$ cat my_file_20.txt   # compact mmCIF, C-alpha atoms
# COMPACT_ATOMS: atom_id res chain seq x y z
CA MET A 233 0.00 0.00 0.00
CA ASN A 234 1.13 3.54 -0.75
CA ALA A 235 2.80 5.05 2.33
CA VAL A 236 0.80 8.28 2.09
CA VAL A 237 -2.53 6.42 1.96
CA LEU A 238 -1.49 4.18 4.84
CA SER A 239 -0.42 7.09 7.03
CA VAL A 240 -3.70 8.95 6.43
CA LEU A 241 -5.68 5.78 7.20
CA VAL A 242 -3.75 5.22 10.43
CA MET A 243 -4.33 8.82 11.46
CA LEU A 244 -8.07 8.58 10.68
CA ILE A 245 -8.58 5.25 12.45
CA LEU A 246 -6.77 6.44 15.57
CA SER A 247 -8.83 9.66 15.58
CA VAL A 248 -12.08 7.68 15.27
CA LEU A 249 -10.93 5.49 18.17
CA ARG A 250 -10.65 8.73 20.20
CA VAL A 251 -6.86 8.71 20.38
CA HIS A 252 -5.73 12.32 20.85
CA VAL A 253 -5.45 14.07 17.49
CA VAL A 254 -1.86 15.26 18.07
CA LEU A 255 -0.76 11.71 18.90
CA ALA A 256 -2.74 10.31 15.94
CA LEU A 257 -0.97 12.73 13.57
CA PHE A 258 2.44 11.82 14.97
CA LEU A 259 1.84 8.05 14.79
CA GLY A 260 0.38 8.35 11.29
CA ALA A 261 3.45 10.27 10.12
CA LEU A 262 5.73 7.71 11.78
CA VAL A 263 3.98 4.79 10.05
CA GLY A 264 4.14 6.58 6.70
CA GLY A 265 7.82 7.41 7.01
CA LEU A 266 8.84 3.91 8.09
CA THR A 267 6.70 2.27 5.38
CA ALA A 268 8.34 4.46 2.73
CA GLY A 269 11.79 3.36 3.93
CA LEU A 270 12.88 6.70 5.38
CA GLY A 271 13.94 5.15 8.65
CA LEU A 272 13.22 6.47 12.13
CA GLU A 273 15.81 9.27 12.12
CA ALA A 274 14.87 10.71 8.72
CA THR A 275 11.16 10.51 9.58
CA MET A 276 11.69 12.37 12.84
CA VAL A 277 13.85 15.03 11.18
CA ALA A 278 11.21 15.63 8.49
CA PHE A 279 8.48 15.86 11.14
CA GLN A 280 10.54 18.27 13.25
CA ASP A 281 11.35 20.48 10.26
CA GLY A 282 7.67 20.66 9.36
CA LEU A 283 6.64 21.80 12.84
CA ALA A 284 8.11 25.26 12.25
CA GLY A 285 5.51 25.92 9.54
CA GLY A 286 2.69 26.02 12.09
CA ALA A 287 4.41 28.09 14.78
CA LYS A 288 3.24 31.51 13.56
CA ILE A 289 -0.36 30.34 13.20
CA ALA A 290 -0.34 28.77 16.66
CA LEU A 291 1.05 31.98 18.19
CA SER A 292 -1.69 34.01 16.49
CA TYR A 293 -4.32 31.71 17.99
CA ALA A 294 -2.78 31.96 21.47
CA LEU A 295 -2.76 35.76 21.40
CA LEU A 296 -6.33 35.85 20.10
CA GLY A 297 -7.36 33.61 22.98
CA ALA A 298 -5.80 36.10 25.39
CA PHE A 299 -7.58 38.97 23.60
CA ALA A 300 -10.91 37.10 23.84
CA MET A 301 -10.48 36.58 27.57
CA ALA A 302 -9.66 40.26 28.02
CA VAL A 303 -12.87 41.23 26.17
CA ALA A 304 -14.84 38.83 28.38
CA HIS A 305 -13.14 40.28 31.48
CA SER A 306 -14.45 43.73 30.52
CA GLY A 307 -18.07 42.53 30.77
CA LEU A 308 -18.98 43.40 27.18
CA PRO A 309 -20.47 39.98 26.26
CA GLN A 310 -22.61 39.96 29.43
CA LEU A 311 -23.77 43.51 28.68
CA LEU A 312 -24.91 42.44 25.20
CA ALA A 313 -26.80 39.47 26.64
CA ASN A 314 -28.46 41.63 29.31
CA TRP A 315 -29.51 44.20 26.69
CA PHE A 316 -31.08 41.54 24.50
CA ILE A 317 -32.97 39.99 27.43
CA ALA A 318 -34.27 43.41 28.49
CA LYS A 319 -35.55 44.11 24.97
CA LEU A 320 -37.44 40.83 24.90
CA ASP A 321 -38.80 41.33 28.42
CA SER A 322 -40.23 44.71 27.42
CA ALA A 323 -42.56 43.02 24.88
CA ASP A 324 -45.66 41.06 25.89
CA MET A 325 -44.94 37.90 23.92
CA SER A 326 -48.02 36.12 25.25
CA THR A 327 -50.40 38.41 23.35
CA SER A 328 -48.93 38.39 19.89
CA GLN A 329 -47.58 35.63 17.69
CA LYS A 330 -46.04 38.36 15.57
CA VAL A 331 -43.98 39.58 18.52
CA VAL A 332 -42.85 36.01 19.21
CA ALA A 333 -41.79 35.58 15.58
CA TRP A 334 -39.91 38.89 15.60
CA ALA A 335 -38.20 37.96 18.85
CA LYS A 336 -37.19 34.53 17.52
CA TRP A 337 -35.78 35.79 14.24
CA GLY A 338 -34.20 38.77 15.98
CA MET A 339 -32.35 36.45 18.34
CA LEU A 340 -31.19 34.16 15.53
CA THR A 341 -30.01 37.15 13.49
CA GLY A 342 -28.23 38.72 16.45
CA VAL A 343 -26.39 35.52 17.35
CA LEU A 344 -25.49 34.98 13.68
CA ALA A 345 -24.03 38.49 13.52
CA MET A 346 -21.99 37.82 16.67
CA ALA A 347 -20.72 34.50 15.27
CA ILE A 348 -19.64 36.24 12.06
CA MET A 349 -17.94 39.08 13.94
CA SER A 350 -16.13 36.57 16.17
CA GLN A 351 -14.00 35.65 13.15
CA ASN A 352 -12.93 39.20 12.20
CA LEU A 353 -14.31 42.34 13.88
CA ILE A 354 -14.12 40.83 17.39
CA PRO A 355 -11.67 37.97 16.74
CA VAL A 356 -12.51 35.80 19.74
CA HIS A 357 -13.54 32.65 17.80
CA ILE A 358 -15.70 30.35 19.98
CA ALA A 359 -14.83 32.15 23.23
CA PHE A 360 -17.98 34.30 23.04
CA ILE A 361 -20.38 31.33 23.03
CA PRO A 362 -20.17 30.19 26.68
CA LEU A 363 -20.30 33.87 27.69
CA LEU A 364 -23.26 35.00 25.53
CA ILE A 365 -25.51 31.96 25.02
CA PRO A 366 -26.27 30.66 28.58
CA PRO A 367 -27.95 33.93 29.65
CA LEU A 368 -30.19 33.67 26.56
CA LEU A 369 -31.41 30.13 27.29
CA VAL A 370 -34.25 31.47 29.45
CA VAL A 371 -35.52 33.53 26.51
CA MET A 372 -35.07 30.63 24.07
CA ASN A 373 -37.21 28.45 26.30
CA ARG A 374 -39.85 31.16 26.51
CA LEU A 375 -39.89 31.39 22.71
CA ARG A 376 -39.82 27.55 22.41
CA LEU A 377 -36.93 28.00 19.99
CA ASP A 378 -35.42 24.73 18.76
CA ARG A 379 -31.82 24.84 19.93
CA ARG A 380 -30.76 22.72 16.95
CA ALA A 381 -31.55 25.76 14.79
CA MET A 382 -29.37 27.91 17.05
CA ALA A 383 -26.56 25.32 16.83
CA CYS A 384 -26.75 25.53 13.03
CA VAL A 385 -26.69 29.35 13.15
CA LEU A 386 -23.60 29.36 15.38
CA THR A 387 -21.74 26.77 13.29
CA PHE A 388 -22.63 28.58 10.06
CA GLY A 389 -21.27 31.87 11.40
CA LEU A 390 -18.06 30.24 12.60
CA VAL A 391 -17.29 28.17 9.47
CA THR A 392 -18.65 30.13 6.49
CA THR A 393 -17.00 33.36 7.60
CA TYR A 394 -13.43 32.03 7.70
CA MET A 395 -13.84 30.02 4.49
CA PHE A 396 -15.07 33.04 2.49
CA LEU A 397 -13.94 36.36 4.01
CA PRO A 398 -10.13 36.84 4.04
CA ILE A 399 -10.07 38.94 7.22
CA GLY A 400 -9.19 37.79 10.73
CA PHE A 401 -9.36 34.01 11.03
CA GLY A 402 -10.30 33.97 7.34
CA LYS A 403 -6.90 35.45 6.50
CA ILE A 404 -5.22 32.62 8.42
CA PHE A 405 -7.32 29.95 6.73
CA LEU A 406 -7.38 31.34 3.19
CA TYR A 407 -4.02 33.06 2.78
CA ASP A 408 -1.64 31.71 5.43
CA ILE A 409 -2.73 28.06 5.28
CA LEU A 410 -4.65 27.45 2.02
CA TYR A 411 -2.59 29.64 -0.33
CA GLY A 412 0.61 29.03 1.64
CA ASN A 413 0.39 25.24 1.30
CA ILE A 414 -0.77 25.35 -2.34
CA ASN A 415 2.21 27.55 -3.23
CA LYS A 416 4.51 25.24 -1.25
CA SER A 417 3.15 22.26 -3.20
CA GLY A 418 4.14 23.72 -6.56
CA LEU A 419 1.25 25.88 -7.81
CA ASP A 420 1.48 29.69 -7.66
CA VAL A 421 -2.00 31.00 -6.80
CA SER A 422 -0.98 34.42 -5.51
CA ASP A 423 -2.99 36.11 -8.29
CA VAL A 424 -6.12 33.96 -7.82
CA PRO A 425 -9.00 35.95 -6.20
CA VAL A 426 -9.90 33.87 -3.17
CA MET A 427 -13.51 35.07 -2.79
CA GLN A 428 -14.18 34.21 -6.43
CA ALA A 429 -12.91 30.70 -5.75
CA MET A 430 -14.96 30.19 -2.58
CA TRP A 431 -18.29 31.90 -3.28
CA ILE A 432 -20.03 28.80 -4.66
CA PRO A 433 -19.07 26.63 -1.64
CA ALA A 434 -20.16 29.49 0.66
CA LEU A 435 -23.50 29.59 -1.18
CA GLY A 436 -23.94 25.91 -0.36
CA MET A 437 -23.56 26.77 3.34
CA VAL A 438 -26.18 29.53 3.00
CA ILE A 439 -28.63 27.06 1.46
CA GLY A 440 -27.99 24.63 4.31
CA LEU A 441 -28.65 27.34 6.91
CA ALA A 442 -31.88 28.38 5.18
CA LEU A 443 -33.10 24.79 5.24
CA ALA A 444 -32.18 24.34 8.90
CA VAL A 445 -33.86 27.46 10.33
CA GLY A 446 -36.62 27.83 7.74
CA VAL A 447 -37.74 24.22 7.30
CA THR A 448 -36.22 21.47 9.45
CA TYR A 449 -36.14 23.18 12.86
CA ARG A 450 -38.77 25.87 12.36
CA ARG A 451 -41.41 24.24 14.58
CA PRO A 452 -41.49 25.10 18.31
CA ARG A 453 -39.74 22.73 20.71
CA ALA A 454 -40.50 22.58 24.42
CA TYR A 455 -37.76 22.61 27.07
CA ASP A 456 -37.85 22.28 30.84
CA THR A 457 -37.64 25.85 32.10
CA THR A 458 -37.01 24.72 35.69
CA ALA A 459 -33.66 23.24 34.63
CA VAL A 460 -32.26 26.61 33.60
CA VAL A 461 -29.85 28.25 36.01
CA ASP A 462 -31.03 31.74 36.90
CA VAL A 463 -28.79 34.03 34.87
CA GLU A 464 -31.26 36.85 34.28
CA ALA A 465 -30.15 38.90 37.27
CA PRO A 466 -28.17 41.91 36.01
CA LYS A 467 -24.43 41.75 36.58
CA VAL A 468 -22.51 44.78 37.82
CA ILE A 469 -20.57 45.94 34.78
CA ASP A 470 -17.98 48.73 34.65
CA ARG A 471 -19.02 50.90 31.70
CA LYS A 472 -15.49 52.33 31.44
CA LYS A 473 -14.08 48.83 30.86
CA VAL A 474 -16.76 48.16 28.25
CA PHE A 475 -15.84 51.38 26.43
CA ILE A 476 -12.15 50.43 26.49
CA ALA A 477 -13.06 46.98 25.14
CA LEU A 478 -14.90 48.62 22.24
CA VAL A 479 -11.88 50.84 21.54
CA ALA A 480 -9.58 47.79 21.60
CA ILE A 481 -11.91 45.88 19.25
CA VAL A 482 -12.08 48.78 16.77
CA ALA A 483 -8.29 49.23 16.92
CA CYS A 484 -7.71 45.50 16.39
CA PHE A 485 -10.04 45.40 13.39
CA ALA A 486 -8.67 48.64 11.89
CA ILE A 487 -5.09 47.35 12.05
CA GLN A 488 -6.08 44.01 10.52
CA THR A 489 -7.92 45.72 7.67
CA TRP A 490 -5.12 48.22 7.02
CA LEU A 491 -2.36 45.59 6.96
CA THR A 492 -4.48 43.40 4.68
CA LEU A 493 -5.21 46.27 2.27
CA ILE A 494 -1.53 47.28 1.95
CA ASP A 495 -0.61 43.60 1.51
CA SER A 496 1.80 43.75 4.43
CA ALA A 497 4.08 40.80 5.12
CA ALA A 498 3.36 41.24 8.84
CA ASP A 499 0.72 38.95 10.32
CA SER A 500 -2.31 41.27 10.63
CA LEU A 501 -4.11 39.09 13.17
CA LEU A 502 -1.00 38.83 15.35
CA VAL A 503 -0.35 42.59 15.28
CA GLY A 504 -4.03 43.41 15.86
CA ALA A 505 -4.26 41.11 18.87
CA LEU A 506 -1.06 42.56 20.36
CA VAL A 507 -2.34 46.14 20.00
CA GLY A 508 -5.68 45.16 21.54
CA LEU A 509 -3.97 43.51 24.51
CA CYS A 510 -1.73 46.55 25.03
CA ILE A 511 -4.80 48.84 25.10
CA PHE A 512 -6.41 46.68 27.80
CA VAL A 513 -3.30 46.76 30.00
CA VAL A 514 -2.23 50.39 29.47
CA THR A 515 -5.73 51.76 30.17
CA GLY A 516 -6.18 49.58 33.24
CA ALA A 517 -9.21 47.70 31.88
CA VAL A 518 -7.20 44.62 32.79
CA LYS A 519 -5.22 45.34 35.94
CA PHE A 520 -1.52 44.58 35.73
CA THR A 521 -1.89 42.16 38.65
CA ASP A 522 -4.68 40.30 36.80
CA ALA A 523 -3.04 40.35 33.37
CA GLU A 524 -1.15 37.09 33.79
CA HIS A 525 -4.26 35.20 34.94
CA VAL A 526 -6.50 36.64 32.20
CA PHE A 527 -4.04 36.22 29.34
CA THR A 528 -2.87 32.76 30.41
CA GLY A 529 -6.47 31.57 30.63
CA GLY A 530 -7.16 32.82 27.11
CA MET A 531 -4.03 31.21 25.71
CA LYS A 532 -4.94 27.88 27.31
CA MET A 533 -8.35 28.08 25.64
CA MET A 534 -6.76 28.19 22.17
CA ALA A 535 -3.61 26.16 22.86
CA LEU A 536 -5.02 22.79 21.75
CA ILE A 537 -5.97 24.13 18.32
CA GLY A 538 -2.48 25.56 17.95
CA PHE A 539 -0.78 22.27 18.82
CA ILE A 540 -2.99 20.41 16.33
CA MET A 541 -2.03 22.88 13.58
CA ILE A 542 1.68 22.53 14.35
CA SER A 543 1.43 18.71 14.32
CA ALA A 544 -0.46 18.77 11.01
CA GLN A 545 2.39 20.72 9.41
CA GLY A 546 4.83 18.06 10.63
CA PHE A 547 2.58 15.32 9.23
CA ALA A 548 2.46 17.06 5.84
CA ALA A 549 6.26 17.43 5.80
CA VAL A 550 6.72 13.68 6.32
CA MET A 551 4.23 12.94 3.53
CA GLN A 552 6.29 15.07 1.14
CA ALA A 553 9.55 13.49 2.33
CA THR A 554 8.32 9.95 1.56
CA GLY A 555 8.43 10.68 -2.18
CA GLU A 556 5.25 8.64 -2.63
CA ILE A 557 2.89 11.50 -3.38
CA GLY A 558 3.99 11.40 -7.03
CA PRO A 559 3.17 7.68 -7.54
CA LEU A 560 -0.15 8.20 -5.72
CA VAL A 561 -1.05 11.06 -8.05
CA GLU A 562 -0.06 9.08 -11.14
CA GLY A 563 -2.05 6.05 -10.01
CA THR A 564 -5.10 8.16 -9.19
CA SER A 565 -4.87 9.95 -12.54
CA GLU A 566 -4.86 6.61 -14.34
CA LEU A 567 -7.81 5.42 -12.25
CA PHE A 568 -10.00 8.42 -13.05
CA GLY A 569 -8.64 9.05 -16.54
CA ASP A 570 -10.37 12.12 -17.95
CA ASN A 571 -13.33 11.88 -15.53
CA ARG A 572 -12.73 15.08 -13.61
CA GLY A 573 -16.18 14.90 -12.02
CA MET A 574 -15.39 11.64 -10.23
CA ALA A 575 -11.93 12.90 -9.28
CA ALA A 576 -13.36 16.11 -7.77
CA PHE A 577 -15.96 14.16 -5.79
CA ALA A 578 -13.32 11.73 -4.49
CA MET A 579 -11.02 14.56 -3.37
CA LEU A 580 -13.86 16.36 -1.59
CA PHE A 581 -15.05 13.16 0.09
CA VAL A 582 -11.55 12.32 1.33
CA GLY A 583 -11.25 15.87 2.67
CA LEU A 584 -14.51 15.32 4.55
CA LEU A 585 -13.17 12.12 6.13
CA VAL A 586 -9.83 13.67 7.10
CA THR A 587 -11.41 16.74 8.70
CA MET A 588 -13.99 14.61 10.51
CA GLY A 589 -11.11 12.59 11.94
CA ILE A 590 -8.87 15.50 12.92
CA GLY A 591 -11.64 17.91 13.91
CA SER A 592 -9.94 20.98 12.43
CA SER A 593 -10.16 22.26 8.86
CA PHE A 594 -7.14 24.47 9.55
CA SER A 595 -5.11 21.33 10.24
CA THR A 596 -6.49 19.38 7.27
CA LEU A 597 -5.23 21.77 4.59
CA PRO A 598 -1.48 21.10 5.01
CA ILE A 599 -2.15 17.36 4.78
CA ILE A 600 -4.35 17.33 1.67
CA ALA A 601 -2.68 20.20 -0.22
CA ALA A 602 0.52 18.20 -0.64
CA ILE A 603 -1.49 15.45 -2.37
CA TYR A 604 -4.23 17.43 -4.13
CA VAL A 605 -2.14 20.11 -5.88
CA PRO A 606 -0.21 17.65 -8.09
CA LEU A 607 -3.42 15.67 -8.65
CA CYS A 608 -5.38 18.76 -9.74
CA LEU A 609 -2.56 19.75 -12.09
CA ALA A 610 -2.46 16.25 -13.58
CA LEU A 611 -6.23 16.26 -14.14
CA GLY A 612 -6.22 19.71 -15.75
CA PHE A 613 -8.14 21.72 -13.15
CA SER A 614 -7.67 25.49 -13.36
CA PRO A 615 -5.89 27.32 -10.49
CA LEU A 616 -9.26 28.83 -9.49
CA ALA A 617 -10.89 25.39 -9.37
CA THR A 618 -7.88 23.96 -7.51
CA VAL A 619 -8.20 26.61 -4.78
CA SER A 620 -11.94 25.90 -4.55
CA ILE A 621 -11.47 22.11 -4.35
CA ILE A 622 -8.77 22.22 -1.68
CA GLY A 623 -10.46 24.99 0.32
CA THR A 624 -13.79 23.15 0.27
CA ALA A 625 -12.16 19.79 1.03
CA GLY A 626 -10.55 21.37 4.08
CA ALA A 627 -13.74 23.05 5.33
CA LEU A 628 -15.82 19.90 4.77
CA GLY A 629 -16.27 18.06 8.03
CA ASP A 630 -15.54 21.03 10.30
CA ALA A 631 -19.30 21.37 10.71
CA GLY A 632 -20.41 17.96 11.89
CA SER A 633 -17.19 16.64 13.44
CA PRO A 634 -17.61 15.61 17.09
CA ALA A 635 -14.09 16.91 17.80
CA SER A 636 -14.40 20.24 15.97
CA ASP A 637 -14.42 23.52 17.87
CA SER A 638 -17.22 24.60 15.49
CA THR A 639 -19.50 22.02 17.13
CA LEU A 640 -17.95 21.85 20.61
CA GLY A 641 -18.38 25.62 21.03
CA PRO A 642 -22.15 25.71 20.32
CA THR A 643 -22.73 22.71 22.58
CA ALA A 644 -20.78 24.37 25.41
CA GLY A 645 -23.24 27.27 25.38
CA LEU A 646 -26.51 25.52 24.51
CA ASN A 647 -26.02 22.68 27.01
CA ALA A 648 -25.52 24.95 30.01
CA ASP A 649 -28.74 23.53 31.51
CA GLY A 650 -28.12 19.94 30.38
CA GLN A 651 -30.86 19.91 27.71
CA HIS A 652 -28.75 19.91 24.54
CA ASP A 653 -27.00 16.70 23.44
CA HIS A 654 -23.70 17.18 21.60
CA ILE A 655 -24.19 14.38 19.05
CA ARG A 656 -27.96 14.46 18.46
CA ASP A 657 -28.52 18.21 18.73
CA THR A 658 -25.30 19.70 17.30
CA VAL A 659 -23.19 17.17 15.38
CA ILE A 660 -25.92 15.42 13.36
CA PRO A 661 -27.91 18.59 12.47
CA THR A 662 -24.80 20.49 11.35
CA PHE A 663 -23.45 17.49 9.42
CA LEU A 664 -26.68 17.04 7.47
CA HIS A 665 -27.36 20.72 6.78
CA PHE A 666 -23.83 21.89 5.99
CA ASN A 667 -21.60 19.04 4.83
CA LEU A 668 -24.03 17.69 2.23
CA PRO A 669 -24.77 21.10 0.59
CA LEU A 670 -21.07 22.03 0.84
CA LEU A 671 -20.07 18.76 -0.83
CA ALA A 672 -22.48 19.43 -3.70
CA ALA A 673 -21.50 23.10 -4.01
CA GLY A 674 -17.79 22.25 -3.95
CA TRP A 675 -18.29 19.75 -6.77
CA VAL A 676 -20.19 22.35 -8.83
CA ALA A 677 -17.40 24.88 -8.23
CA ALA A 678 -14.78 22.37 -9.39
CA MET A 679 -16.71 21.79 -12.61
CA VAL A 680 -17.52 25.40 -13.56
CA LEU A 681 -14.53 27.44 -12.33
$ encode --input "my_file_20.txt" --output "structure tokens"
Amino acid sequence: MNAVVLSVLVMLILSVLRVHVVLALFLGALVGGLTAGLGLEATMVAFQDGLAGGAKIALSYALLGAFAMAVAHSGLPQLLANWFIAKLDSADMSTSQKVVAWAKWGMLTGVLAMAIMSQNLIPVHIAFIPLLIPPLLVVMNRLRLDRRAMACVLTFGLVTTYMFLPIGFGKIFLYDILYGNINKSGLDVSDVPVMQAMWIPALGMVIGLALAVGVTYRRPRAYDTTAVVDVEAPKVIDRKKVFIALVAIVACFAIQTWLTLIDSAADSLLVGALVGLCIFVVTGAVKFTDAEHVFTGGMKMMALIGFIMISAQGFAAVMQATGEIGPLVEGTSELFGDNRGMAAFAMLFVGLLVTMGIGSSFSTLPIIAAIYVPLCLALGFSPLATVSIIGTAGALGDAGSPASDSTLGPTAGLNADGQHDHIRDTVIPTFLHFNLPLLAAGWVAAMVL
């Protein structure tokens, strides 16, 4: 068996068996290197050399985790939740179905906007969910809102934003990881417009969201209101700290946007997070004595994702060092012949399996790019289609993976009262409503771009 195929299979099987993803990546790389005849020393050297490729990304994630914790420390997320609850309490929802409908769709829209902003304007990723969602559970129960719809809204906002908009986490995913690994694998895509490549897959996600909230989970669902912890009592919030948090958020976003527009070589997310953290400390919004506790807590929150990304880069380096990617590409090309439709479907489906196993689309890209770029070139796909195929293959499985932060985050907030099951109420709904439309949309993009 081809060493690359064997190593991916080992990594997937170990992940499915709930072996830690970092260990699964390392063991998969080790099996691949030894099978290819590299020997233990050469395999370890290749893995170690590859680790450096993920260091910058991991550092960006760690600093963003610290920034997220600083924003939470200011009380801004709790203030937003309290404001929304007060607005709903001011309306007599028992007398008007129209008011109930407006409240339901207003909540879904507001949470969607927050999920989208968590990837760029307020780059806190999933950190906002356990801070914002639990206080809203009382209102959701009052509205009889199906939490599966809310899980789909949260996952959509987290995933679609980074796979389409090249700002914030989207810049990391699309430019640093996707374009970086495609260029490293032998195809220059620096002139390919990324949003043009990813708009069809993003449209598939939009269709999935519309089906989830407008059809599948539109009907009311009853929950036990007595199980909800009382979180409606207003929390004492320092308005000065909230104002400073808003200033830090605006500064962080402005710096990201400016560095992106001037095409700076500096990491915009890294610089933006550093400036935001400095504003919190200098202004006293985070006391100097509390800074270590707040920042360390935020870094811990994002550390696992960073380690997975670093390990994935090492895995990809070993795959390239085996020298068996070429034979795999040639064999696959002969198998599919000129049938690009079947080849595109196979690549997308494998991407789905890999991401489902690892639980991180950011970590999938380095692994599949090394294999898919030569394969796409051999099959005659355009650079635009190649970007779309690899980007979609990486994003596939992020929604719907039990180990993905895009599903673990929503569950952490929606299950605060123990009435939201991770598998039945988050994983299965997001898998059905996002992975299937994304698979179809990715295939269409591969055929028409």
$ atom_distance --input "my_file_20.txt" --atom1 "atom CA of Ala304 of chain A" --atom2 "atom CA of Cys484 of chain A"
15.5 Å
$ residues_around --input "my_file_20.txt" --residues "Gly573 of chain A" --least-positions-apart "6" --cutoff "10 Å" --atoms "only C-alpha atoms" --output "PyMOL selection string"
chain A and resi 675-676+678-679
$ closest_residue --input "my_file_20.txt" --among "A:Leu640, A:Val371, A:Leu344, A:Leu443" --to "Asp653 of chain A" --atoms "all atoms listed in the file"
A:Leu640
$ atom_distance --input "my_file_20.txt" --atom1 "atom CA of Asp378 of chain A" --atom2 "atom CA of Ala644 of chain A"
16.1 Å
$ residues_around --input "my_file_20.txt" --residues "Arg376 of chain A" --least-positions-apart "3" --cutoff "9 Å" --atoms "all atoms listed in the file" --output "PyMOL selection string"
chain A and resi 336+371-373+379+451-455
$ closest_residue --input "my_file_20.txt" --among "A:Gln280, A:Asn352, A:Asn234, A:Ser636" --to "Lys403 of chain A" --atoms "all atoms listed in the file"
A:Asn352
$ residues_around --input "my_file_20.txt" --residues "Cys510 of chain A" --least-positions-apart "3" --cutoff "12 Å" --atoms "all atoms listed in the file" --output "list in words"
Leu295, Ala298, Phe299, Ala302, Ile476, Ala477, Val479, Ala480, Ile481, Ala483, Cys484, Val503, Gly504, Ala505, Leu506, Val507, Val513, Val514, Thr515, Gly516, Ala517, Val518, Lys519, Phe520, Ala523 and Phe527 of chain A
$ residues_around --input "my_file_20.txt" --residues "Val605 of chain A" --least-positions-apart "2" --cutoff "8 Å" --atoms "only C-alpha atoms" --output "PDB file with C-alpha atoms, in the frame of the given file"
ATOM      1  CA  ILE A 414      -0.770  25.350  -2.340  1.00  0.00           C
ATOM      2  CA  SER A 417       3.150  22.260  -3.200  1.00  0.00           C
ATOM      3  CA  GLY A 418       4.140  23.720  -6.560  1.00  0.00           C
ATOM      4  CA  LEU A 419       1.250  25.880  -7.810  1.00  0.00           C
ATOM      5  CA  ALA A 601      -2.680  20.200  -0.220  1.00  0.00           C
ATOM      6  CA  ALA A 602       0.520  18.200  -0.640  1.00  0.00           C
ATOM      7  CA  ILE A 603      -1.490  15.450  -2.370  1.00  0.00           C
ATOM      8  CA  LEU A 607      -3.420  15.670  -8.650  1.00  0.00           C
ATOM      9  CA  CYS A 608      -5.380  18.760  -9.740  1.00  0.00           C
ATOM     10  CA  LEU A 609      -2.560  19.750 -12.090  1.00  0.00           C
ATOM     11  CA  THR A 618      -7.880  23.960  -7.510  1.00  0.00           C
TER      12      THR A 618
END
$ atom_distance --input "my_file_20.txt" --atom1 "atom CA of Thr639 of chain A" --atom2 "atom CA of Leu410 of chain A"
21.9 Å
$ closest_residue --input "my_file_20.txt" --among "A:Gln488, A:Gln552, A:Gln310, A:Ser638" --to "His357 of chain A" --atoms "all atoms listed in the file"
A:Ser638
$ residues_around --input "my_file_20.txt" --residues "Asn647 of chain A" --least-positions-apart "3" --cutoff "10 Å" --atoms "only C-alpha atoms" --output "PyMOL selection string"
chain A and resi 362+365-366+369+379+460+642-644+650-654+657
$ closest_residue --input "my_file_20.txt" --among "A:Val421, A:Leu567, A:Ala274, A:Ala631" --to "Leu671 of chain A" --atoms "all atoms listed in the file"
A:Ala631
$ closest_residue --input "my_file_20.txt" --among "A:Leu375, A:Val277, A:Ala625, A:Ile245" --to "Val550 of chain A" --atoms "all atoms listed in the file"
A:Val277
$ closest_residue --input "my_file_20.txt" --among "A:Gly555, A:Gly674, A:Gly307, A:Gly508" --to "Gly269 of chain A" --atoms "only C-alpha atoms"
A:Gly555
$ decode --input "my_file_20.txt" --residues "segment 492-505 of chain A" --atoms "C-alpha atoms" --output "PDB file, in the first residue's frame"
ATOM      1  CA  THR A 492      -4.484  43.402   4.676  1.00  0.00           C
ATOM      2  CA  LEU A 493      -5.207  46.275   2.265  1.00  0.00           C
ATOM      3  CA  ILE A 494      -1.534  47.276   1.946  1.00  0.00           C
ATOM      4  CA  ASP A 495      -0.611  43.602   1.506  1.00  0.00           C
ATOM      5  CA  SER A 496       1.804  43.748   4.427  1.00  0.00           C
ATOM      6  CA  ALA A 497       4.081  40.796   5.125  1.00  0.00           C
ATOM      7  CA  ALA A 498       3.363  41.242   8.842  1.00  0.00           C
ATOM      8  CA  ASP A 499       0.715  38.948  10.321  1.00  0.00           C
ATOM      9  CA  SER A 500      -2.305  41.271  10.632  1.00  0.00           C
ATOM     10  CA  LEU A 501      -4.112  39.088  13.173  1.00  0.00           C
ATOM     11  CA  LEU A 502      -1.005  38.832  15.346  1.00  0.00           C
ATOM     12  CA  VAL A 503      -0.350  42.586  15.285  1.00  0.00           C
ATOM     13  CA  GLY A 504      -4.028  43.412  15.855  1.00  0.00           C
ATOM     14  CA  ALA A 505      -4.258  41.110  18.873  1.00  0.00           C
TER      15      ALA A 505
END
